[in-house]
Structure formats: structure tokens, C-alpha cells
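**Student:** Contents of target_20.cif (mmCIF, C-alpha atoms):
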data_protein
#
loop_
_atom_site.group_PDB
_atom_site.id
_atom_site.type_symbol
_atom_site.label_atom_id
_atom_site.label_comp_id
_atom_site.auth_asym_id
_atom_site.auth_seq_id
_atom_site.Cartn_x
_atom_site.Cartn_y
_atom_site.Cartn_z
ATOM 1 C CA MET A 1 -223.870 73.672 12.234
ATOM 2 C CA ILE A 2 -221.771 72.665 15.177
ATOM 3 C CA GLY A 3 -222.644 73.435 18.778
ATOM 4 C CA GLU A 4 -221.633 76.123 21.224
ATOM 5 C CA GLU A 5 -218.424 74.308 22.098
ATOM 6 C CA GLY A 6 -217.342 74.523 18.455
ATOM 7 C CA ARG A 7 -218.163 78.210 18.404
ATOM 8 C CA SER A 8 -215.940 78.938 21.401
ATOM 9 C CA VAL A 9 -212.833 77.588 19.689
ATOM 10 C CA MET A 10 -213.586 78.995 16.252
ATOM 11 C CA GLU A 11 -210.471 80.626 14.825
ATOM 12 C CA LYS A 12 -210.930 84.310 14.049
ATOM 13 C CA TYR A 13 -209.533 86.233 11.081
ATOM 14 C CA ASP A 14 -209.338 89.865 10.091
ATOM 15 C CA THR A 15 -211.162 89.127 6.870
ATOM 16 C CA MET A 16 -212.787 86.191 5.117
ATOM 17 C CA ILE A 17 -213.010 85.851 1.363
ATOM 18 C CA VAL A 18 -215.671 83.457 0.129
ATOM 19 C CA GLY A 19 -214.600 82.307 -3.322
ATOM 20 C CA GLY A 20 -211.133 81.470 -4.607
ATOM 21 C CA GLY A 21 -211.624 82.607 -8.184
ATOM 22 C CA ILE A 22 -209.975 85.548 -9.878
ATOM 23 C CA ALA A 23 -211.536 88.364 -7.817
ATOM 24 C CA GLY A 24 -211.066 86.504 -4.543
ATOM 25 C CA LEU A 25 -207.433 85.669 -5.257
ATOM 26 C CA GLN A 26 -206.534 89.224 -6.273
ATOM 27 C CA ALA A 27 -208.113 90.539 -3.086
ATOM 28 C CA ALA A 28 -206.318 87.907 -1.015
ATOM 29 C CA ILE A 29 -202.932 88.883 -2.450
ATOM 30 C CA GLN A 30 -203.558 92.551 -1.698
ATOM 31 C CA LEU A 31 -204.801 91.903 1.840
ATOM 32 C CA GLY A 32 -201.963 89.491 2.558
ATOM 33 C CA ARG A 33 -199.502 92.189 1.561
ATOM 34 C CA TYR A 34 -201.161 94.450 4.148
ATOM 35 C CA GLU A 35 -200.244 91.701 6.660
ATOM 36 C CA HIS A 36 -203.786 91.015 7.782
ATOM 37 C CA ARG A 37 -204.961 87.547 8.839
ATOM 38 C CA VAL A 38 -206.842 86.434 5.737
ATOM 39 C CA LEU A 39 -208.881 83.279 5.145
ATOM 40 C CA VAL A 40 -210.084 82.207 1.702
ATOM 41 C CA ILE A 41 -212.907 79.643 1.679
ATOM 42 C CA ASP A 42 -213.193 78.028 -1.729
ATOM 43 C CA ALA A 43 -215.315 75.164 -3.036
ATOM 44 C CA GLY A 44 -212.699 74.462 -5.734
ATOM 45 C CA TYR A 45 -215.093 74.860 -8.657
ATOM 46 C CA GLY A 46 -216.316 77.895 -10.538
ATOM 47 C CA ARG A 47 -216.538 79.674 -13.852
ATOM 48 C CA SER A 48 -212.781 80.162 -14.130
ATOM 49 C CA THR A 49 -212.082 76.457 -13.587
ATOM 50 C CA LEU A 50 -213.944 75.676 -16.819
ATOM 51 C CA CYS A 51 -212.035 78.032 -19.113
ATOM 52 C CA LYS A 52 -209.145 76.276 -20.857
ATOM 53 C CA SER A 53 -207.625 79.561 -22.056
ATOM 54 C CA TYR A 54 -208.112 83.295 -21.486
ATOM 55 C CA HIS A 55 -206.847 85.165 -24.536
ATOM 56 C CA ASN A 56 -207.207 88.838 -23.615
ATOM 57 C CA LEU A 57 -205.127 89.171 -20.437
ATOM 58 C CA LEU A 58 -202.137 91.482 -20.144
ATOM 59 C CA GLY A 59 -198.912 89.464 -20.136
ATOM 60 C CA TRP A 60 -200.453 86.267 -21.545
ATOM 61 C CA PRO A 61 -200.384 86.711 -25.350
ATOM 62 C CA ASP A 62 -200.655 82.944 -25.909
ATOM 63 C CA GLY A 63 -203.450 82.557 -23.359
ATOM 64 C CA VAL A 64 -203.622 81.042 -19.889
ATOM 65 C CA SER A 65 -206.150 78.601 -18.452
ATOM 66 C CA GLY A 66 -208.343 79.497 -15.512
ATOM 67 C CA GLU A 67 -206.904 76.587 -13.556
ATOM 68 C CA GLU A 68 -203.340 77.803 -14.094
ATOM 69 C CA LEU A 69 -204.251 81.372 -13.205
ATOM 70 C CA ARG A 70 -205.871 80.151 -9.998
ATOM 71 C CA ARG A 71 -202.903 77.917 -9.169
ATOM 72 C CA LEU A 72 -200.433 80.769 -9.568
ATOM 73 C CA GLY A 73 -202.683 83.187 -7.676
ATOM 74 C CA ARG A 74 -203.024 80.811 -4.743
ATOM 75 C CA LEU A 75 -199.248 80.310 -4.575
ATOM 76 C CA GLN A 76 -198.748 84.075 -4.587
ATOM 77 C CA ALA A 77 -201.358 84.575 -1.854
ATOM 78 C CA GLU A 78 -199.958 81.778 0.303
ATOM 79 C CA GLY A 79 -196.564 83.427 -0.046
ATOM 80 C CA VAL A 80 -197.879 86.430 1.874
ATOM 81 C CA GLY A 81 -199.544 84.355 4.583
ATOM 82 C CA VAL A 82 -203.077 83.871 3.280
ATOM 83 C CA ILE A 83 -204.816 80.714 4.578
ATOM 84 C CA PHE A 84 -206.970 78.569 2.259
ATOM 85 C CA VAL A 85 -209.617 75.995 3.177
ATOM 86 C CA LYS A 86 -211.715 73.903 0.820
ATOM 87 C CA ASP A 87 -215.359 74.144 1.798
ATOM 88 C CA GLU A 88 -218.679 75.357 0.411
ATOM 89 C CA VAL A 89 -220.258 78.054 2.553
ATOM 90 C CA VAL A 90 -223.997 77.538 2.953
ATOM 91 C CA GLN A 91 -224.875 79.889 5.831
ATOM 92 C CA ALA A 92 -223.835 83.440 6.638
ATOM 93 C CA VAL A 93 -224.440 85.067 10.021
ATOM 94 C CA ASN A 94 -224.024 88.730 10.926
ATOM 95 C CA LYS A 95 -222.990 88.762 14.584
ATOM 96 C CA GLY A 96 -224.487 92.153 15.344
ATOM 97 C CA LYS A 97 -223.461 95.760 14.936
ATOM 98 C CA PRO A 98 -220.677 96.776 12.495
ATOM 99 C CA GLY A 99 -217.340 95.572 13.793
ATOM 100 C CA ASP A 100 -218.723 92.543 15.647
ATOM 101 C CA GLY A 101 -217.919 90.370 12.675
ATOM 102 C CA PHE A 102 -219.428 87.512 10.686
ATOM 103 C CA GLU A 103 -219.650 83.757 10.863
ATOM 104 C CA MET A 104 -219.619 81.517 7.790
ATOM 105 C CA TRP A 105 -220.755 77.908 8.035
ATOM 106 C CA GLY A 106 -219.708 75.321 5.465
ATOM 107 C CA LYS A 107 -221.161 72.059 4.213
ATOM 108 C CA SER A 108 -218.335 70.434 6.175
ATOM 109 C CA GLY A 109 -220.015 71.559 9.397
ATOM 110 C CA LYS A 110 -217.112 73.868 10.188
ATOM 111 C CA GLY A 111 -217.542 77.497 11.159
ATOM 112 C CA TYR A 112 -215.308 80.445 10.272
ATOM 113 C CA GLU A 113 -215.261 83.928 11.797
ATOM 114 C CA ALA A 114 -213.857 87.296 10.738
ATOM 115 C CA ARG A 115 -214.396 90.993 11.323
ATOM 116 C CA THR A 116 -214.889 91.762 7.638
ATOM 117 C CA LEU A 117 -216.206 89.759 4.686
ATOM 118 C CA LEU A 118 -215.680 89.730 0.925
ATOM 119 C CA LEU A 119 -218.108 87.796 -1.262
ATOM 120 C CA ALA A 120 -216.379 86.702 -4.468
ATOM 121 C CA THR A 121 -218.691 83.795 -5.185
ATOM 122 C CA GLY A 122 -219.119 84.489 -8.906
ATOM 123 C CA LEU A 123 -221.625 82.833 -11.186
ATOM 124 C CA LEU A 124 -222.006 79.648 -13.195
ATOM 125 C CA ASP A 125 -223.057 79.627 -16.843
ATOM 126 C CA ARG A 126 -225.956 77.383 -17.805
ATOM 127 C CA ILE A 127 -224.263 74.857 -20.048
ATOM 128 C CA PRO A 128 -226.111 71.748 -21.287
ATOM 129 C CA ASP A 129 -224.461 68.436 -20.592
ATOM 130 C CA LEU A 130 -223.317 67.841 -24.157
ATOM 131 C CA PRO A 131 -220.418 65.425 -24.752
ATOM 132 C CA LYS A 132 -217.083 67.185 -25.449
ATOM 133 C CA LEU A 133 -218.500 70.711 -25.067
ATOM 134 C CA LYS A 134 -216.623 71.595 -21.868
ATOM 135 C CA ASP A 135 -213.368 70.268 -23.382
ATOM 136 C CA CYS A 136 -213.491 73.128 -25.892
ATOM 137 C CA LEU A 137 -214.364 76.030 -23.570
ATOM 138 C CA GLY A 138 -211.887 78.875 -23.924
ATOM 139 C CA LEU A 139 -210.019 77.090 -26.704
ATOM 140 C CA THR A 140 -212.444 77.044 -29.633
ATOM 141 C CA VAL A 141 -215.831 77.518 -27.936
ATOM 142 C CA TYR A 142 -216.520 80.743 -26.058
ATOM 143 C CA VAL A 143 -219.095 82.481 -23.866
ATOM 144 C CA CYS A 144 -218.117 86.185 -23.957
ATOM 145 C CA PRO A 145 -218.236 88.205 -27.192
ATOM 146 C CA ASP A 146 -216.208 91.024 -25.631
ATOM 147 C CA CYS A 147 -213.432 88.648 -24.560
ATOM 148 C CA ASP A 148 -213.356 86.295 -27.520
ATOM 149 C CA GLY A 149 -215.302 87.715 -30.453
ATOM 150 C CA TYR A 150 -211.873 88.311 -31.998
ATOM 151 C CA GLU A 151 -211.217 84.557 -32.062
ATOM 152 C CA ILE A 152 -214.014 83.796 -34.547
ATOM 153 C CA ARG A 153 -213.285 86.486 -37.131
ATOM 154 C CA ASP A 154 -214.139 85.217 -40.645
ATOM 155 C CA LYS A 155 -214.526 81.646 -39.342
ATOM 156 C CA GLN A 156 -217.445 79.250 -39.722
ATOM 157 C CA THR A 157 -219.125 79.587 -36.337
ATOM 158 C CA ILE A 158 -222.053 77.903 -34.609
ATOM 159 C CA VAL A 159 -223.914 79.674 -31.825
ATOM 160 C CA MET A 160 -225.265 76.962 -29.525
ATOM 161 C CA GLY A 161 -227.985 78.672 -27.575
ATOM 162 C CA SER A 162 -231.601 78.899 -26.586
ATOM 163 C CA GLY A 163 -234.425 81.262 -27.484
ATOM 164 C CA ASP A 164 -233.904 85.022 -27.632
ATOM 165 C CA VAL A 165 -230.588 84.828 -25.742
ATOM 166 C CA GLY A 166 -228.970 82.712 -28.448
ATOM 167 C CA ALA A 167 -230.442 84.879 -31.196
ATOM 168 C CA GLY A 168 -229.040 87.988 -29.548
ATOM 169 C CA MET A 169 -225.587 86.405 -29.319
ATOM 170 C CA ALA A 170 -225.653 85.477 -32.997
ATOM 171 C CA LEU A 171 -226.582 89.024 -33.974
ATOM 172 C CA THR A 172 -223.829 90.445 -31.754
ATOM 173 C CA LEU A 173 -221.249 88.193 -33.402
ATOM 174 C CA ARG A 174 -222.323 89.076 -36.948
ATOM 175 C CA MET A 175 -219.770 91.909 -37.083
ATOM 176 C CA ARG A 176 -216.992 89.325 -36.618
ATOM 177 C CA THR A 177 -218.004 86.782 -39.266
ATOM 178 C CA ASP A 178 -220.630 86.303 -41.965
ATOM 179 C CA LYS A 179 -220.442 82.506 -41.589
ATOM 180 C CA LEU A 180 -222.863 82.094 -38.702
ATOM 181 C CA THR A 181 -225.371 79.422 -37.762
ATOM 182 C CA TYR A 182 -227.626 79.672 -34.721
ATOM 183 C CA VAL A 183 -228.822 76.308 -33.379
ATOM 184 C CA ASN A 184 -231.736 76.843 -30.998
ATOM 185 C CA HIS A 185 -231.199 73.901 -28.639
ATOM 186 C CA GLN A 186 -234.391 73.045 -26.723
ATOM 187 C CA GLN A 187 -236.275 75.130 -29.319
ATOM 188 C CA ARG A 188 -237.390 77.894 -27.014
ATOM 189 C CA ALA A 189 -239.446 80.659 -28.593
ATOM 190 C CA VAL A 190 -237.641 83.429 -30.482
ATOM 191 C CA LYS A 191 -239.313 86.786 -31.084
ATOM 192 C CA SER A 192 -240.442 87.305 -34.669
ATOM 193 C CA GLU A 193 -238.418 90.513 -34.994
ATOM 194 C CA LEU A 194 -235.244 88.656 -33.994
ATOM 195 C CA LEU A 195 -235.957 85.898 -36.513
ATOM 196 C CA SER A 196 -236.399 88.551 -39.201
ATOM 197 C CA GLU A 197 -233.117 90.194 -38.197
ATOM 198 C CA LEU A 198 -231.282 86.861 -38.279
ATOM 199 C CA LYS A 199 -232.586 86.228 -41.778
ATOM 200 C CA GLY A 200 -231.812 89.759 -42.912
ATOM 201 C CA LYS A 201 -228.198 89.434 -41.783
ATOM 202 C CA GLY A 202 -227.687 86.068 -43.440
ATOM 203 C CA ILE A 203 -227.498 84.024 -40.220
ATOM 204 C CA THR A 204 -228.712 80.456 -40.657
ATOM 205 C CA TYR A 205 -231.335 79.530 -38.051
ATOM 206 C CA ILE A 206 -231.968 75.918 -36.984
ATOM 207 C CA ALA A 207 -234.521 74.951 -34.317
ATOM 208 C CA GLU A 208 -233.295 71.503 -33.314
ATOM 209 C CA ASP A 209 -231.709 69.892 -30.270
ATOM 210 C CA ILE A 210 -227.985 69.220 -30.305
ATOM 211 C CA GLN A 211 -227.100 65.574 -29.757
ATOM 212 C CA GLU A 212 -223.341 65.995 -29.376
ATOM 213 C CA VAL A 213 -220.416 68.275 -30.032
ATOM 214 C CA ILE A 214 -217.785 67.189 -32.527
ATOM 215 C CA ALA A 215 -214.309 67.926 -31.205
ATOM 216 C CA GLU A 216 -210.778 66.629 -31.453
ATOM 217 C CA ALA A 217 -208.752 65.574 -28.409
ATOM 218 C CA ASN A 218 -206.999 68.956 -28.152
ATOM 219 C CA GLY A 219 -210.268 70.850 -27.709
ATOM 220 C CA LEU A 220 -210.551 71.751 -31.397
ATOM 221 C CA PHE A 221 -214.239 72.321 -32.165
ATOM 222 C CA ARG A 222 -215.430 70.782 -35.424
ATOM 223 C CA GLY A 223 -219.188 71.240 -35.267
ATOM 224 C CA VAL A 224 -222.284 69.526 -33.886
ATOM 225 C CA VAL A 225 -224.539 66.575 -34.574
ATOM 226 C CA LEU A 226 -228.230 67.386 -34.283
ATOM 227 C CA ALA A 227 -230.898 65.141 -32.768
ATOM 228 C CA ASN A 228 -232.120 64.342 -36.280
ATOM 229 C CA GLY A 229 -228.663 62.979 -37.158
ATOM 230 C CA LYS A 230 -227.573 65.897 -39.333
ATOM 231 C CA ARG A 231 -223.982 67.076 -38.935
ATOM 232 C CA ILE A 232 -223.087 70.775 -39.130
ATOM 233 C CA ASP A 233 -219.397 71.528 -39.551
ATOM 234 C CA ALA A 234 -217.743 74.613 -38.057
ATOM 235 C CA GLU A 235 -214.401 75.973 -36.853
ATOM 236 C CA ARG A 236 -215.577 77.845 -33.769
ATOM 237 C CA GLY A 237 -218.498 77.880 -31.376
ATOM 238 C CA PHE A 238 -220.241 80.218 -28.927
ATOM 239 C CA ILE A 239 -222.730 79.300 -26.212
ATOM 240 C CA ALA A 240 -225.646 81.462 -25.072
ATOM 241 C CA PHE A 241 -228.345 79.641 -23.115
ATOM 242 C CA GLY A 242 -229.206 82.275 -20.504
ATOM 243 C CA GLY A 243 -230.336 81.498 -16.988
ATOM 244 C CA ASN A 244 -226.856 81.724 -15.452
ATOM 245 C CA GLU A 245 -226.715 81.024 -11.711
ATOM 246 C CA VAL A 246 -225.574 84.103 -9.796
ATOM 247 C CA LYS A 247 -224.059 82.833 -6.547
ATOM 248 C CA SER A 248 -225.410 85.567 -4.284
ATOM 249 C CA ASP A 249 -227.469 83.652 -1.726
ATOM 250 C CA LEU A 250 -225.040 84.487 1.095
ATOM 251 C CA ALA A 251 -225.591 88.174 0.336
ATOM 252 C CA ARG A 252 -229.348 87.576 0.571
ATOM 253 C CA GLN A 253 -228.911 85.895 3.953
ATOM 254 C CA LEU A 254 -227.015 88.918 5.234
ATOM 255 C CA GLY A 255 -229.602 91.340 3.862
ATOM 256 C CA ALA A 256 -227.427 92.902 1.148
ATOM 257 C CA GLU A 257 -229.246 94.666 -1.657
ATOM 258 C CA ARG A 258 -229.421 92.769 -4.940
ATOM 259 C CA MET A 259 -230.771 93.498 -8.403
ATOM 260 C CA GLU A 260 -233.696 91.555 -9.888
ATOM 261 C CA ASN A 261 -231.170 89.320 -11.661
ATOM 262 C CA ARG A 262 -229.563 88.535 -8.261
ATOM 263 C CA HIS A 263 -226.302 90.398 -8.894
ATOM 264 C CA ILE A 264 -225.129 92.237 -5.759
ATOM 265 C CA LEU A 265 -225.214 96.020 -5.703
ATOM 266 C CA THR A 266 -222.079 97.703 -4.333
ATOM 267 C CA ASP A 267 -220.693 101.167 -3.835
ATOM 268 C CA PRO A 268 -218.803 101.948 -7.075
ATOM 269 C CA ARG A 269 -215.852 103.417 -5.194
ATOM 270 C CA SER A 270 -215.321 100.906 -2.395
ATOM 271 C CA LYS A 271 -217.241 97.794 -3.577
ATOM 272 C CA MET A 272 -218.924 97.614 -0.155
ATOM 273 C CA THR A 273 -222.462 96.227 -0.216
ATOM 274 C CA SER A 274 -225.453 97.781 1.566
ATOM 275 C CA VAL A 275 -224.398 95.790 4.662
ATOM 276 C CA PRO A 276 -221.510 97.495 6.507
ATOM 277 C CA PHE A 277 -218.193 95.642 6.320
ATOM 278 C CA VAL A 278 -219.446 93.229 3.639
ATOM 279 C CA TRP A 279 -217.924 93.677 0.205
ATOM 280 C CA ALA A 280 -218.562 91.977 -3.146
ATOM 281 C CA ALA A 281 -216.274 91.707 -6.165
ATOM 282 C CA GLY A 282 -216.150 89.884 -9.465
ATOM 283 C CA ASP A 283 -218.932 88.262 -11.466
ATOM 284 C CA VAL A 284 -221.348 88.175 -8.519
ATOM 285 C CA GLY A 285 -221.460 91.981 -8.665
ATOM 286 C CA VAL A 286 -222.891 94.292 -11.302
ATOM 287 C CA HIS A 287 -220.408 94.629 -14.151
ATOM 288 C CA ALA A 288 -219.209 93.238 -17.469
ATOM 289 C CA GLU A 289 -218.246 89.758 -16.191
ATOM 290 C CA GLN A 290 -214.626 89.801 -17.339
ATOM 291 C CA VAL A 291 -211.464 88.467 -15.716
ATOM 292 C CA THR A 292 -209.635 91.778 -15.916
ATOM 293 C CA ILE A 293 -212.504 93.607 -14.239
ATOM 294 C CA ALA A 294 -212.737 90.909 -11.555
ATOM 295 C CA MET A 295 -209.043 91.443 -10.784
ATOM 296 C CA GLY A 296 -209.536 95.176 -10.491
ATOM 297 C CA GLU A 297 -212.586 94.844 -8.264
ATOM 298 C CA GLY A 298 -210.783 92.366 -6.025
ATOM 299 C CA ALA A 299 -207.924 94.806 -5.497
ATOM 300 C CA GLN A 300 -210.341 97.732 -5.098
ATOM 301 C CA ALA A 301 -212.348 95.956 -2.410
ATOM 302 C CA ALA A 302 -209.157 94.896 -0.608
ATOM 303 C CA ILE A 303 -207.911 98.476 -0.398
ATOM 304 C CA TRP A 304 -211.116 99.543 1.359
ATOM 305 C CA ILE A 305 -211.214 96.472 3.572
ATOM 306 C CA ASN A 306 -207.726 97.447 4.728
ATOM 307 C CA LYS A 307 -208.937 100.953 5.593
ATOM 308 C CA VAL A 308 -211.736 99.522 7.728
ATOM 309 C CA LEU A 309 -209.472 96.978 9.444
ATOM 310 C CA LEU A 310 -206.986 99.684 10.372
ATOM 311 C CA MET A 311 -209.842 101.731 11.805
ATOM 312 C CA LEU A 312 -211.173 98.758 13.795
ATOM 313 C CA LYS A 313 -207.731 97.926 15.151
ATOM 314 C CA GLU A 314 -207.210 101.523 16.223
ATOM 315 C CA GLU A 315 -210.591 101.562 17.973
ATOM 316 C CA THR A 316 -209.699 98.330 19.778
ATOM 317 C CA LYS A 317 -206.378 99.809 20.874
ATOM 318 C CA ILE A 318 -208.079 102.936 22.242
ATOM 319 C CA HIS A 319 -210.702 100.817 24.012
ATOM 320 C CA ARG A 320 -208.003 98.777 25.751
ATOM 321 C CA VAL A 321 -206.200 101.900 26.869
ATOM 322 C CA VAL A 322 -209.418 103.322 28.318
ATOM 323 C CA ILE A 323 -210.134 100.083 30.226
ATOM 324 C CA ARG A 324 -206.640 99.912 31.672
ATOM 325 C CA SER A 325 -206.700 103.535 32.768
#
I'd like the structure from this file rewritten - as C-alpha cells, please.

**Tutor:**
Amino acid sequence: MIGEEGRSVMEKYDTMIVGGGIAGLQAAIQLGRYEHRVLVIDAGYGRSTLCKSYHNLLGWPDGVSGEELRRLGRLQAEGVGVIFVKDEVVQAVNKGKPGDGFEMWGKSGKGYEARTLLLATGLLDRIPDLPKLKDCLGLTVYVCPDCDGYEIRDKQTIVMGSGDVGAGMALTLRMRTDKLTYVNHQQRAVKSELLSELKGKGITYIAEDIQEVIAEANGLFRGVVLANGKRIDAERGFIAFGGNEVKSDLARQLGAERMENRHILTDPRSKMTSVPFVWAAGDVGVHAEQVTIAMGEGAQAAIWINKVLLMLKEETKIHRVVIRS
């Protein structure tokens, strides 16, 4: 953190959005259109930056990458006056009673201040560092059965996962294809009832580490090579390793209520957390972890942030009138 001199010149905003992913960008666009002073603090890396193509979004029948969606969203937000800075926020400070505002401190040593705060910090999937795996994400290897189960219908598919989580994914995908193999990378224990269900539904089970992913230059998944040297061919892949990192530590610092899995609890109507004037939207909250839902929650939170900002500005105006009189 910087000293008191830095604090005195810290630029103040109406609202800060921590996270420049899909939820954060949608909120920024909405708040910018309300003509508030909006700052988005983004580390430049997140779940959406890894996805090479979203297939289930309205208006994008041929798919759109997370990077492109973020690029277009940032341009749209900047067009209505939203300010962006690249930084990773590591400390959150509540300045006092509701309305006093919040300070965010980044790894850069810089501080940022605003009257209201939206946490759109998302989560990161636990993905092993396997050669060529990330090149296929969103194109021929997927993480969400609701978003992309359609893409594997009747195709030879490998679930690359770990323990019960991977087994559960394979069973979920069975309705889409009967050509399924579950490779239990790291060979974590699988409950006997799940193993019986895998066998009963004709899903091949292999407990062996994956050495590498086989893929063509265009992100076309072709299978895996196991640690024992055996090659398994496939047309599509799914990953399910569990242990995803929910980026909610800032909420913890501010005292916001979280679930046992670290997702932030919010009011279903306003998306405000248990801390007044702190909102949360997107994958860091409690929901289905989908882009379309993140967009909706970003807009929903922004609408209620606007209501609070208008109230605060009116209170400030009245206070000034009282002082002058």
C-alpha cells in the first residue's frame, strides 16, 4: 500500500467494478449509460479469456471467443465513458458506514476509491497443465454440459477428469452420446456405486494419468496419450477435475457472507451482498456459471447500483443545502 500522501490524491469514482469479464463488462455498459463515473479494475485474465468459442449465445450462431466478447464489451463500455485499469486487486477496505465508500488496493501499489462496489471476480477452473489442452477449450473440449453437451452428440468423447467429479460428468453426458470414455487423471478414488453406474451405462473407465492431449493446430481434439504410452482416439473432450478457485477473497475481507464453497451470497432481486453497497455478479456468485446468466446479473446489479447512487447524490445535495442555509 502507498502512504497517506497517496491516499489524499486518490481519484474517486461513483462505482468500482473489480473484474473485466462478462458480468463486469455488462454492468459497466449499463452504469456508463447512466452517466456515472465508473472504474473497471481488471487483471486481464479469467475464465472467459480461455474459451475459444461460446456456442450458445444469442446472436452468435457460429460462436464467439471469450477474448472477442471482452474486446467488444470493453469498446462499448469505453464509448460511454467507463475507465479501465489493468491491475490485480489484493486488498479491500470498507471506509466506514454505508455511503462512505470503499478502497481497493492493487498489486501495483495503487489505490482506487468509490462509493459503491461490484465484485465480478469470477472463478478459475482447475485445469492440469497438459500440452495442447487449452488450445482446444471451447472449440472441441468443453467444461459445461449445459452450454456444450450439444456439441458432443453421438461423437466419440473422452472425459478428462478426476475422482467422483469426473465420473459424475461422464454420467451426465451419457444422454448425449454412447461413445464415452472417462480417464481418471491422477487416479483419485471413485465411489463404488459410481463405478457400477459407469459400467452399467457402457462408459469405459480408465484409471491412468494423461501424458498429453492430441490436437491439430486449429484446436481440433483428437484424443489423449496416457502415461503408459497408450493412445485413445476421440472427436471431443470434456474436463471435470473439481476444485475450481472461486475468486471471492475480497468479499471475505469486507465481511460479505459466503457459502461453504466460497461463492458469494447475494439478494436475488438486487444482487447486493450482505455488506451494504457491495454487489456481486457472475460466476463468483451462486448460480449456474453461464455467460448468459453472468450478463443478466451484471445488468441486474447495475440497475440497483444506479438506484443507490441516485439516492446518495440526492442526500449529498440536501446536505449541502442544509450547510449553506

**Student:** Please evaluate the PyMOL selection byres ((chain A and resi 32) around 9) against the structure above and give the resulting residues as a PyMOL selection string.

**Tutor:** chain A and resi 27-31+33-38+77-82

**Student:** Find the nearest atom pair between each residue of range 145-244 of chain A and range 53-65 of chain A for residues within 9 Å, count all atoms listed in the file, give distances in Å to one decimal, sort rows by chain and ascending number, and present the table as JSON lines.

**Tutor:**
{"residue": "A:Cys147", "atom": "CA", "partner": "A:Asn56", "partner_atom": "CA", "distance": 6.3}
{"residue": "A:Asp148", "atom": "CA", "partner": "A:His55", "partner_atom": "CA", "distance": 7.2}
{"residue": "A:Glu151", "atom": "CA", "partner": "A:His55", "partner_atom": "CA", "distance": 8.7}

**Student:** Tell me which of A:Met175, A:Val141, A:Leu265, A:Val183 sits closest to Ile210 in chain A, counting all atoms listed in the file.

**Tutor:** A:Val183

**Student:** Would you place a box with edges along x, y and z of the file around all atoms of range 210-222 of chain A listed there, add 4 Å to each of its six sides, and report the centre and edge lengths in Å to one decimal, as JSON?

**Tutor:**
{"center_x": -217.5, "center_y": 68.9, "center_z": -31.6, "size_x": 29.0, "size_y": 14.7, "size_z": 15.7}

**Student:** Hey, which of A:Gln300, A:Gln253, A:Asn218, A:Gln290 ends up closest to Asp267 in chain A? Count only C-alpha atoms.

**Tutor:** A:Gln300

**Student:** Taking into account only C-alpha atoms, which residue in the set A:Val291, A:Ala240, A:Cys144, A:Ile232 is nearest to Asp164 in chain A?

**Tutor:**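 Checking each candidate against Asp164 in chain A, we get A:Ala240 as the closest.
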
**Student:** Could you produce a table of the residues of range 277-316 of chain A lying within 6 Å of range 114-123 of chain A, with the nearest pair of atoms per residue and their separation in Å rounded to one decimal, using all atoms listed in the file, ordered by chain and increasing residue number, as CSV?

**Tutor:**
residue,atom,partner,partner_atom,distance
A:Phe277,CA,A:Thr116,CA,5.3
A:Val278,CA,A:Leu117,CA,4.9
A:Trp279,CA,A:Leu118,CA,4.6
A:Ala280,CA,A:Leu119,CA,4.6
A:Ala281,CA,A:Ala120,CA,5.3
A:Gly282,CA,A:Ala120,CA,5.9
A:Asp283,CA,A:Gly122,CA,4.6
A:Val284,CA,A:Gly122,CA,4.3

**Student:** With only C-alpha atoms as the atoms that count, which of A:Ser274, A:Thr157, A:Thr266, A:Thr49 lies nearest to Ala170 in chain A?

**Tutor:**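 Counting only C-alpha atoms, the residue closest to Ala170 in chain A is A:Thr157.
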
**Student:** Distance CA of Lys271 in chain A-CA of Leu310 in chain A, one decimal place?

**Tutor:** 17.4 Å

**Student:** Save range 47-51 of chain A to a file: all heavy atoms, as an mmCIF file, in the first residue's frame.

**Tutor:**
data_model
loop_
_atom_site.group_PDB
_atom_site.id
_atom_site.type_symbol
_atom_site.label_atom_id
_atom_site.label_comp_id
_atom_site.auth_asym_id
_atom_site.auth_seq_id
_atom_site.Cartn_x
_atom_site.Cartn_y
_atom_site.Cartn_z
ATOM 1 N N ARG A 47 -11.657 -16.784 -16.601
ATOM 2 C CA ARG A 47 -12.276 -17.942 -17.252
ATOM 3 C C ARG A 47 -12.632 -17.657 -18.708
ATOM 4 O O ARG A 47 -12.395 -18.478 -19.594
ATOM 5 C CB ARG A 47 -13.538 -18.313 -16.460
ATOM 6 C CG ARG A 47 -14.046 -19.704 -16.719
ATOM 7 C CD ARG A 47 -15.321 -19.972 -15.944
ATOM 8 N NE ARG A 47 -15.496 -21.379 -15.671
ATOM 9 C CZ ARG A 47 -16.602 -21.903 -15.163
ATOM 10 N NH1 ARG A 47 -17.610 -21.098 -14.859
ATOM 11 N NH2 ARG A 47 -16.703 -23.187 -14.946
ATOM 12 N N SER A 48 -13.188 -16.477 -18.958
ATOM 13 C CA SER A 48 -13.640 -16.162 -20.319
ATOM 14 C C SER A 48 -12.483 -15.977 -21.291
ATOM 15 O O SER A 48 -12.660 -16.131 -22.503
ATOM 16 C CB SER A 48 -14.537 -14.923 -20.322
ATOM 17 O OG SER A 48 -13.870 -13.808 -19.767
ATOM 18 N N THR A 49 -11.287 -15.648 -20.783
ATOM 19 C CA THR A 49 -10.153 -15.483 -21.694
ATOM 20 C C THR A 49 -9.674 -16.817 -22.240
ATOM 21 O O THR A 49 -8.969 -16.859 -23.253
ATOM 22 C CB THR A 49 -8.970 -14.776 -21.003
ATOM 23 O OG1 THR A 49 -8.480 -15.593 -19.936
ATOM 24 C CG2 THR A 49 -9.376 -13.417 -20.465
ATOM 25 N N LEU A 50 -10.044 -17.919 -21.580
ATOM 26 C CA LEU A 50 -9.592 -19.240 -22.010
ATOM 27 C C LEU A 50 -10.487 -19.854 -23.072
ATOM 28 O O LEU A 50 -10.036 -20.728 -23.821
ATOM 29 C CB LEU A 50 -9.524 -20.185 -20.807
ATOM 30 C CG LEU A 50 -8.519 -19.831 -19.715
ATOM 31 C CD1 LEU A 50 -8.641 -20.806 -18.556
ATOM 32 C CD2 LEU A 50 -7.105 -19.837 -20.266
ATOM 33 N N CYS A 51 -11.743 -19.426 -23.127
ATOM 34 C CA CYS A 51 -12.704 -20.072 -24.030
ATOM 35 C C CYS A 51 -12.532 -19.554 -25.453
ATOM 36 O O CYS A 51 -12.721 -18.374 -25.732
ATOM 37 C CB CYS A 51 -14.131 -19.837 -23.554
ATOM 38 S SG CYS A 51 -15.350 -20.707 -24.583
#
